[in-house]
Structure formats: structure tokens, C-alpha cells
file coords19.pdb (PDB, C-alpha atoms)
MODEL        1
ATOM      1  CA  ARG X   1      94.287  96.928  39.991  1.00  0.00           C
ATOM      2  CA  HIS X   2      93.917  94.124  37.466  1.00  0.00           C
ATOM      3  CA  LEU X   3      97.700  93.702  37.243  1.00  0.00           C
ATOM      4  CA  CYS X   4      98.018  93.138  40.954  1.00  0.00           C
ATOM      5  CA  SER X   5      95.229  90.558  41.059  1.00  0.00           C
ATOM      6  CA  LEU X   6      97.300  88.229  38.880  1.00  0.00           C
ATOM      7  CA  SER X   7      98.985  85.110  40.146  1.00  0.00           C
ATOM      8  CA  SER X   8     101.859  85.297  42.597  1.00  0.00           C
ATOM      9  CA  LYS X   9     104.236  84.411  39.740  1.00  0.00           C
ATOM     10  CA  HIS X  10     103.046  87.428  37.715  1.00  0.00           C
ATOM     11  CA  ARG X  11     103.241  89.619  40.815  1.00  0.00           C
ATOM     12  CA  GLU X  12     106.824  88.429  41.324  1.00  0.00           C
ATOM     13  CA  ILE X  13     107.640  89.399  37.733  1.00  0.00           C
ATOM     14  CA  PHE X  14     106.179  92.904  38.191  1.00  0.00           C
ATOM     15  CA  VAL X  15     108.090  93.391  41.450  1.00  0.00           C
ATOM     16  CA  GLY X  16     111.267  92.320  39.648  1.00  0.00           C
ATOM     17  CA  LEU X  17     110.625  94.766  36.815  1.00  0.00           C
ATOM     18  CA  MET X  18     109.777  97.647  39.170  1.00  0.00           C
ATOM     19  CA  THR X  19     112.896  97.132  41.318  1.00  0.00           C
ATOM     20  CA  GLU X  20     115.332  96.579  38.434  1.00  0.00           C
ATOM     21  CA  VAL X  21     117.777  99.433  37.813  1.00  0.00           C
ATOM     22  CA  ASN X  22     119.365 100.577  34.559  1.00  0.00           C
ATOM     23  CA  LEU X  23     123.008 101.551  34.046  1.00  0.00           C
ATOM     24  CA  LYS X  24     122.387 104.911  35.732  1.00  0.00           C
ATOM     25  CA  GLY X  25     120.952 103.098  38.759  1.00  0.00           C
ATOM     26  CA  TYR X  26     117.419 104.291  37.974  1.00  0.00           C
ATOM     27  CA  THR X  27     114.312 102.194  38.568  1.00  0.00           C
ATOM     28  CA  PRO X  28     111.522 102.485  35.955  1.00  0.00           C
ATOM     29  CA  PHE X  29     109.822 105.094  38.161  1.00  0.00           C
ATOM     30  CA  MET X  30     113.021 107.146  38.501  1.00  0.00           C
ATOM     31  CA  THR X  31     113.571 106.921  34.735  1.00  0.00           C
ATOM     32  CA  ALA X  32     110.045 108.156  33.991  1.00  0.00           C
ATOM     33  CA  VAL X  33     110.492 111.140  36.330  1.00  0.00           C
ATOM     34  CA  SER X  34     113.925 112.055  34.962  1.00  0.00           C
ATOM     35  CA  CYS X  35     112.665 111.830  31.357  1.00  0.00           C
ATOM     36  CA  LYS X  36     109.649 114.021  32.235  1.00  0.00           C
ATOM     37  CA  ALA X  37     107.274 111.179  31.308  1.00  0.00           C
ATOM     38  CA  TYR X  38     104.991 112.227  34.148  1.00  0.00           C
ATOM     39  CA  SER X  39     101.909 110.251  33.035  1.00  0.00           C
ATOM     40  CA  SER X  40     104.004 107.079  32.965  1.00  0.00           C
ATOM     41  CA  ALA X  41     105.493 107.971  36.348  1.00  0.00           C
ATOM     42  CA  CYS X  42     101.948 108.323  37.766  1.00  0.00           C
ATOM     43  CA  GLU X  43     101.047 104.855  36.452  1.00  0.00           C
ATOM     44  CA  LEU X  44     104.252 103.353  37.843  1.00  0.00           C
ATOM     45  CA  LEU X  45     103.644 105.020  41.211  1.00  0.00           C
ATOM     46  CA  GLU X  46     100.135 103.549  41.294  1.00  0.00           C
ATOM     47  CA  LEU X  47     101.538 100.108  40.467  1.00  0.00           C
ATOM     48  CA  ALA X  48     104.137 100.489  43.239  1.00  0.00           C
ATOM     49  CA  TYR X  49     101.379 101.330  45.733  1.00  0.00           C
ATOM     50  CA  LEU X  50      99.331  98.334  44.617  1.00  0.00           C
ATOM     51  CA  LEU X  51     102.251  95.912  44.770  1.00  0.00           C
ATOM     52  CA  SER X  52     103.257  97.059  48.252  1.00  0.00           C
ATOM     53  CA  GLU X  53      99.652  97.037  49.556  1.00  0.00           C
ATOM     54  CA  ASP X  54      99.539  93.273  48.991  1.00  0.00           C
ATOM     55  CA  LEU X  55     102.150  92.723  51.680  1.00  0.00           C
ATOM     56  CA  GLU X  56     100.929  92.176  55.228  1.00  0.00           C
ATOM     57  CA  ASP X  57     104.168  93.196  56.933  1.00  0.00           C
ATOM     58  CA  GLU X  58     104.327  97.031  56.977  1.00  0.00           C
ATOM     59  CA  GLU X  59     108.113  97.097  57.153  1.00  0.00           C
ATOM     60  CA  GLU X  60     108.392  94.765  54.160  1.00  0.00           C
ATOM     61  CA  ALA X  61     105.883  96.923  52.240  1.00  0.00           C
ATOM     62  CA  GLU X  62     107.916 100.063  52.993  1.00  0.00           C
ATOM     63  CA  GLU X  63     111.150  98.374  51.900  1.00  0.00           C
ATOM     64  CA  LEU X  64     109.504  97.340  48.636  1.00  0.00           C
ATOM     65  CA  MET X  65     108.267 100.898  47.994  1.00  0.00           C
ATOM     66  CA  VAL X  66     111.766 102.250  48.585  1.00  0.00           C
ATOM     67  CA  ALA X  67     113.246  99.631  46.246  1.00  0.00           C
ATOM     68  CA  MET X  68     110.769 100.589  43.504  1.00  0.00           C
ATOM     69  CA  LEU X  69     110.889 104.375  43.913  1.00  0.00           C
ATOM     70  CA  PHE X  70     114.342 105.292  45.258  1.00  0.00           C
ATOM     71  CA  PRO X  71     116.675 102.427  46.224  1.00  0.00           C
ATOM     72  CA  GLY X  72     119.077 103.036  49.097  1.00  0.00           C
ATOM     73  CA  THR X  73     122.059 102.738  46.760  1.00  0.00           C
ATOM     74  CA  SER X  74     120.907 105.742  44.706  1.00  0.00           C
ATOM     75  CA  HIS X  75     122.680 109.101  44.754  1.00  0.00           C
ATOM     76  CA  CYS X  76     120.768 111.810  46.651  1.00  0.00           C
ATOM     77  CA  ASP X  77     120.616 113.980  43.491  1.00  0.00           C
ATOM     78  CA  ASP X  78     118.602 111.190  41.826  1.00  0.00           C
ATOM     79  CA  ASN X  79     115.813 111.302  44.407  1.00  0.00           C
ATOM     80  CA  PRO X  80     112.608 111.451  42.307  1.00  0.00           C
ATOM     81  CA  LEU X  81     111.109 114.115  44.558  1.00  0.00           C
ATOM     82  CA  PHE X  82     114.201 116.306  44.128  1.00  0.00           C
ATOM     83  CA  VAL X  83     114.284 115.643  40.369  1.00  0.00           C
ATOM     84  CA  LEU X  84     110.572 116.368  40.045  1.00  0.00           C
ATOM     85  CA  CYS X  85     110.973 119.724  41.787  1.00  0.00           C
ATOM     86  CA  ARG X  86     114.175 120.540  39.876  1.00  0.00           C
ATOM     87  CA  ASN X  87     113.234 119.124  36.460  1.00  0.00           C
ATOM     88  CA  ASP X  88     112.866 122.402  34.568  1.00  0.00           C
ATOM     89  CA  PRO X  89     113.445 122.679  30.843  1.00  0.00           C
ATOM     90  CA  CYS X  90     116.532 124.140  29.225  1.00  0.00           C
ATOM     91  CA  SER X  91     116.338 127.942  29.167  1.00  0.00           C
ATOM     92  CA  PHE X  92     116.583 127.797  25.356  1.00  0.00           C
ATOM     93  CA  THR X  93     113.017 126.374  25.273  1.00  0.00           C
ATOM     94  CA  TRP X  94     111.638 129.762  26.291  1.00  0.00           C
ATOM     95  CA  THR X  95     114.361 132.215  25.204  1.00  0.00           C
ATOM     96  CA  GLY X  96     115.385 130.830  21.834  1.00  0.00           C
ATOM     97  CA  GLU X  97     118.432 132.741  20.651  1.00  0.00           C
ATOM     98  CA  GLU X  98     117.422 135.811  22.661  1.00  0.00           C
ATOM     99  CA  HIS X  99     120.102 136.654  25.202  1.00  0.00           C
ATOM    100  CA  ILE X 100     118.971 136.849  28.832  1.00  0.00           C
ATOM    101  CA  HIS X 101     120.553 137.297  32.260  1.00  0.00           C
ATOM    102  CA  GLN X 102     121.306 133.837  33.680  1.00  0.00           C
ATOM    103  CA  ASP X 103     123.984 131.739  35.321  1.00  0.00           C
ATOM    104  CA  ILE X 104     126.080 130.013  32.676  1.00  0.00           C
ATOM    105  CA  PHE X 105     128.329 126.980  32.795  1.00  0.00           C
ATOM    106  CA  GLU X 106     131.063 125.653  30.570  1.00  0.00           C
ATOM    107  CA  CYS X 107     131.558 121.985  29.757  1.00  0.00           C
ATOM    108  CA  ARG X 108     135.045 121.157  28.602  1.00  0.00           C
ATOM    109  CA  THR X 109     133.960 117.549  27.917  1.00  0.00           C
ATOM    110  CA  CYS X 110     131.494 118.712  25.239  1.00  0.00           C
ATOM    111  CA  GLY X 111     133.391 121.755  23.965  1.00  0.00           C
ATOM    112  CA  LEU X 112     131.048 124.356  25.483  1.00  0.00           C
ATOM    113  CA  VAL X 113     133.884 126.795  26.180  1.00  0.00           C
ATOM    114  CA  GLY X 114     134.802 130.298  25.122  1.00  0.00           C
ATOM    115  CA  SER X 115     131.660 132.023  23.888  1.00  0.00           C
ATOM    116  CA  LEU X 116     129.659 128.783  24.167  1.00  0.00           C
ATOM    117  CA  CYS X 117     127.879 127.873  27.402  1.00  0.00           C
ATOM    118  CA  CYS X 118     125.003 125.953  28.909  1.00  0.00           C
ATOM    119  CA  CYS X 119     122.253 126.946  31.326  1.00  0.00           C
ATOM    120  CA  THR X 120     121.888 125.669  34.883  1.00  0.00           C
ATOM    121  CA  GLU X 121     119.399 122.959  33.947  1.00  0.00           C
ATOM    122  CA  CYS X 122     121.608 121.598  31.166  1.00  0.00           C
ATOM    123  CA  ALA X 123     124.634 121.656  33.479  1.00  0.00           C
ATOM    124  CA  TYR X 124     122.664 119.527  35.906  1.00  0.00           C
ATOM    125  CA  ILE X 125     120.910 117.207  33.414  1.00  0.00           C
ATOM    126  CA  CYS X 126     122.987 116.970  30.233  1.00  0.00           C
ATOM    127  CA  HIS X 127     126.500 117.606  31.553  1.00  0.00           C
ATOM    128  CA  ARG X 128     126.348 115.811  34.888  1.00  0.00           C
ATOM    129  CA  GLY X 129     129.554 113.883  35.468  1.00  0.00           C
ATOM    130  CA  HIS X 130     131.381 115.916  32.791  1.00  0.00           C
ATOM    131  CA  ASP X 131     134.167 118.413  33.304  1.00  0.00           C
ATOM    132  CA  CYS X 132     131.537 121.119  33.768  1.00  0.00           C
ATOM    133  CA  SER X 133     131.745 124.148  36.022  1.00  0.00           C
ATOM    134  CA  PHE X 134     130.083 127.468  36.782  1.00  0.00           C
ATOM    135  CA  LYS X 135     131.403 130.182  34.469  1.00  0.00           C
ATOM    136  CA  ARG X 136     129.610 133.311  35.700  1.00  0.00           C
ATOM    137  CA  ALA X 137     126.292 135.108  35.917  1.00  0.00           C
ATOM    138  CA  SER X 138     125.943 136.600  32.480  1.00  0.00           C
ATOM    139  CA  PRO X 139     123.709 139.551  31.575  1.00  0.00           C
ATOM    140  CA  ASN X 140     123.436 138.363  27.975  1.00  0.00           C
ATOM    141  CA  ALA X 141     123.528 134.635  27.219  1.00  0.00           C
ATOM    142  CA  TYR X 142     121.467 131.822  25.795  1.00  0.00           C
ATOM    143  CA  CYS X 143     122.061 128.109  26.180  1.00  0.00           C
ATOM    144  CA  ASP X 144     124.185 126.501  23.458  1.00  0.00           C
ATOM    145  CA  CYS X 145     123.792 122.919  24.731  1.00  0.00           C
ATOM    146  CA  TRP X 146     121.489 121.902  21.882  1.00  0.00           C
ATOM    147  CA  GLU X 147     124.104 123.002  19.321  1.00  0.00           C
ATOM    148  CA  LYS X 148     126.908 120.758  20.621  1.00  0.00           C
ATOM    149  CA  CYS X 149     125.084 117.924  22.392  1.00  0.00           C
ATOM    150  CA  SER X 150     121.868 115.989  22.282  1.00  0.00           C
ATOM    151  CA  CYS X 151     120.176 118.220  24.854  1.00  0.00           C
ATOM    152  CA  GLN X 152     118.045 116.171  27.229  1.00  0.00           C
ATOM    153  CA  ALA X 153     116.522 119.205  28.923  1.00  0.00           C
ATOM    154  CA  LEU X 154     114.710 120.597  25.859  1.00  0.00           C
ATOM    155  CA  ALA X 155     111.676 118.365  26.517  1.00  0.00           C
ATOM    156  CA  GLN X 156     109.224 120.075  28.837  1.00  0.00           C
ATOM    157  CA  GLY X 157     106.790 117.412  30.034  1.00  0.00           C
ATOM    158  CA  ASP X 158     103.178 118.119  30.999  1.00  0.00           C
ATOM    159  CA  GLU X 159     103.165 120.629  33.856  1.00  0.00           C
ATOM    160  CA  HIS X 160      99.707 119.633  35.167  1.00  0.00           C
ATOM    161  CA  THR X 161     100.696 115.959  35.404  1.00  0.00           C
ATOM    162  CA  ARG X 162     103.964 117.005  37.039  1.00  0.00           C
ATOM    163  CA  VAL X 163     101.992 118.765  39.800  1.00  0.00           C
ATOM    164  CA  VAL X 164      99.646 115.771  40.199  1.00  0.00           C
ATOM    165  CA  LEU X 165     102.648 113.441  40.570  1.00  0.00           C
ATOM    166  CA  LEU X 166     104.250 115.805  43.080  1.00  0.00           C
ATOM    167  CA  GLN X 167     101.046 115.805  45.153  1.00  0.00           C
ATOM    168  CA  ARG X 168     100.808 111.993  45.041  1.00  0.00           C
ATOM    169  CA  LEU X 169     104.384 111.596  46.263  1.00  0.00           C
TER     170      LEU X 169
ENDMDL
END
call {"tool": "encode", "arguments": {"input": "coords19.pdb", "output": "C-alpha cells"}}
result
Amino acid sequence: RHLCSLSSKHREIFVGLMTEVNLKGYTPFMTAVSCKAYSSACELLELAYLLSEDLEDEEEAEELMVAMLFPGTSHCDDNPLFVLCRNDPCSFTWTGEEHIHQDIFECRTCGLVGSLCCCTECAYICHRGHDCSFKRASPNAYCDCWEKCSCQALAQGDEHTRVVLLQRL
């Protein structure tokens, strides 16, 4: 609350920071959710609420919230609510090198072909936009993403904070 009681110039700076997008088109809130930094996402969500509460016009407040949380120019797959519900870790985090039954994908961009494959979560997170496609449902596979790429889905994030953030959204 202290941040939002600052001068209008400081408020303007915070609004600018919260609505800025990176090269992926993500706002700071979207970035925190996609990186599984759920505690940071909770703080950013609180700041977004506080910044929009200061506005008297309800429509303007809603537009500001949208700009901070999920701008209209964003792809539907980047919706923080969708990402939060879908943001599971790579299957390797819980299987290790033990083979399990799972859907597997190949990514020709990264060289995950032949006997190499990636799990559903890695196909969605790490290999999005690549030449990646469903290979088959395999009775005996583990994810090889971490071997060929810098796997972004290995981080798990705090599950309790994830649920709290989901409830607050």
C-alpha cells in the first residue's frame, strides 16, 4: 500500500513498469507466472489491484488491470490463468531416468529426434515455436529435454503459493 500512496509521478512510473512488455510480449506479472515465481506474481497482482483501485472510472480501472495482467495483444496461450493451470514441471523432475508411459514429442529444431524426445510440458514450454510435433504415446519414455536444451520446465515453483495465486485471480 505504501507504493501506491506515493506521488502521482511515482504512480505513473509503476504503471509504466507494470504495463511494459518484454520481447515475448509478457508483462512483469505474466513473466512471474510463466517462470513459476508465484510469490512475486502474488506481489505484482496486489500492486496491480492497488494501482487500479486509485482510478475513479471503473472502465479505466479495468483497462489498466488488463494491460498489467494480460494485454489484449497477447496470444491466448499466454493467458496467466491458463499458464498457471497448465504450468506443470517437466516429467523428468519426478521420473528421473525411469521410463514411464507418457505422450512424447520430437523437436527437430533442438535435435530431439530418433530415440530422443520431450514430454508434453517441455513441448509446450521449452519447444514452443520450434519445429516440434507429437510423436506418439509411449509406454516407456523419459524426457530428454534437459540433455539437449536448457530445460525451462525443470523448475517446480511453490505449489501452495500457486494455489493461492490461482484463488486470487
call {"tool": "resolve_selection", "arguments": {"input": "coords19.pdb", "expression": "the PyMOL selection byres ((chain X and resi 140) around 10)", "output": "list of chain:residue names"}}
result
X:Glu98, X:His99, X:Ile100, X:His101, X:Gln102, X:Asp103, X:Ile104, X:Ala137, X:Ser138, X:Pro139, X:Ala141, X:Tyr142
call {"tool": "axis_aligned_box", "arguments": {"input": "coords19.pdb", "around": "range 146-164 of chain X", "padding_each_side": "4 Å", "output": "AutoDock Vina command-line options"}}
result
--center_x 113.3 --center_y 119.4 --center_z 29.8 --size_x 35.3 --size_y 15.2 --size_z 28.9
call {"tool": "residues_around", "arguments": {"input": "coords19.pdb", "residues": "Cys145 in chain X", "least_positions_apart": "2", "cutoff": "8 Å", "atoms": "all atoms listed in the file", "output": "list of chain:residue names"}}
result
X:Leu112, X:Cys117, X:Cys118, X:Cys119, X:Cys122, X:Cys143, X:Glu147, X:Lys148, X:Cys149, X:Ser150, X:Cys151
call {"tool": "write_last_selection", "arguments": {"input": "coords19.pdb", "atoms": "C-alpha atoms", "output": "mmCIF file, keeping the file's coordinate frame"}}
result
data_model
loop_
_atom_site.group_PDB
_atom_site.id
_atom_site.type_symbol
_atom_site.label_atom_id
_atom_site.label_comp_id
_atom_site.auth_asym_id
_atom_site.auth_seq_id
_atom_site.Cartn_x
_atom_site.Cartn_y
_atom_site.Cartn_z
ATOM 1 C CA LEU X 112 131.048 124.356 25.483
ATOM 2 C CA CYS X 117 127.879 127.873 27.402
ATOM 3 C CA CYS X 118 125.003 125.953 28.909
ATOM 4 C CA CYS X 119 122.253 126.946 31.326
ATOM 5 C CA CYS X 122 121.608 121.598 31.166
ATOM 6 C CA CYS X 143 122.061 128.109 26.180
ATOM 7 C CA GLU X 147 124.104 123.002 19.321
ATOM 8 C CA LYS X 148 126.908 120.758 20.621
ATOM 9 C CA CYS X 149 125.084 117.924 22.392
ATOM 10 C CA SER X 150 121.868 115.989 22.282
ATOM 11 C CA CYS X 151 120.176 118.220 24.854
#
call {"tool": "residues_around", "arguments": {"input": "coords19.pdb", "residues": "Leu23 in chain X", "least_positions_apart": "5", "cutoff": "12 Å", "atoms": "all atoms listed in the file", "output": "PyMOL selection string"}}
result
chain X and resi 28+31+74
call {"tool": "closest_residue", "arguments": {"input": "coords19.pdb", "among": "X:Ala32, X:Lys24, X:Glu62, X:Glu43", "to": "Gly129 in chain X", "atoms": "all atoms listed in the file"}}
result
X:Lys24
call {"tool": "closest_residue", "arguments": {"input": "coords19.pdb", "among": "X:Glu56, X:Asp78, X:Glu46, X:Asp131", "to": "Leu165 in chain X", "atoms": "only C-alpha atoms"}}
result
X:Glu46
call {"tool": "closest_residue", "arguments": {"input": "coords19.pdb", "among": "X:Ala67, X:Val163, X:Cys110, X:Ala123", "to": "Ser91 in chain X", "atoms": "all atoms listed in the file"}}
result
X:Ala123
call {"tool": "residues_around", "arguments": {"input": "coords19.pdb", "residues": "Ser34 in chain X", "least_positions_apart": "2", "cutoff": "8 Å", "atoms": "only C-alpha atoms", "output": "PyMOL selection string"}}
result
chain X and resi 30-32+36-37+80+83-84+87
call {"tool": "atom_distance", "arguments": {"input": "coords19.pdb", "atom1": "CA of Thr27 in chain X", "atom2": "CA of Pro71 in chain X"}}
result
8.0 Å
call {"tool": "closest_residue", "arguments": {"input": "coords19.pdb", "among": "X:Ser39, X:Thr109, X:Ser133, X:Gln152", "to": "Leu166 in chain X", "atoms": "all atoms listed in the file"}}
result
X:Ser39
call {"tool": "closest_residue", "arguments": {"input": "coords19.pdb", "among": "X:His127, X:Asp158, X:Leu169, X:Ala153", "to": "Leu45 in chain X", "atoms": "all atoms listed in the file"}}
result
X:Leu169
call {"tool": "atom_distance", "arguments": {"input": "coords19.pdb", "atom1": "CA of Cys35 in chain X", "atom2": "CA of Glu53 in chain X"}}
result
26.8 Å
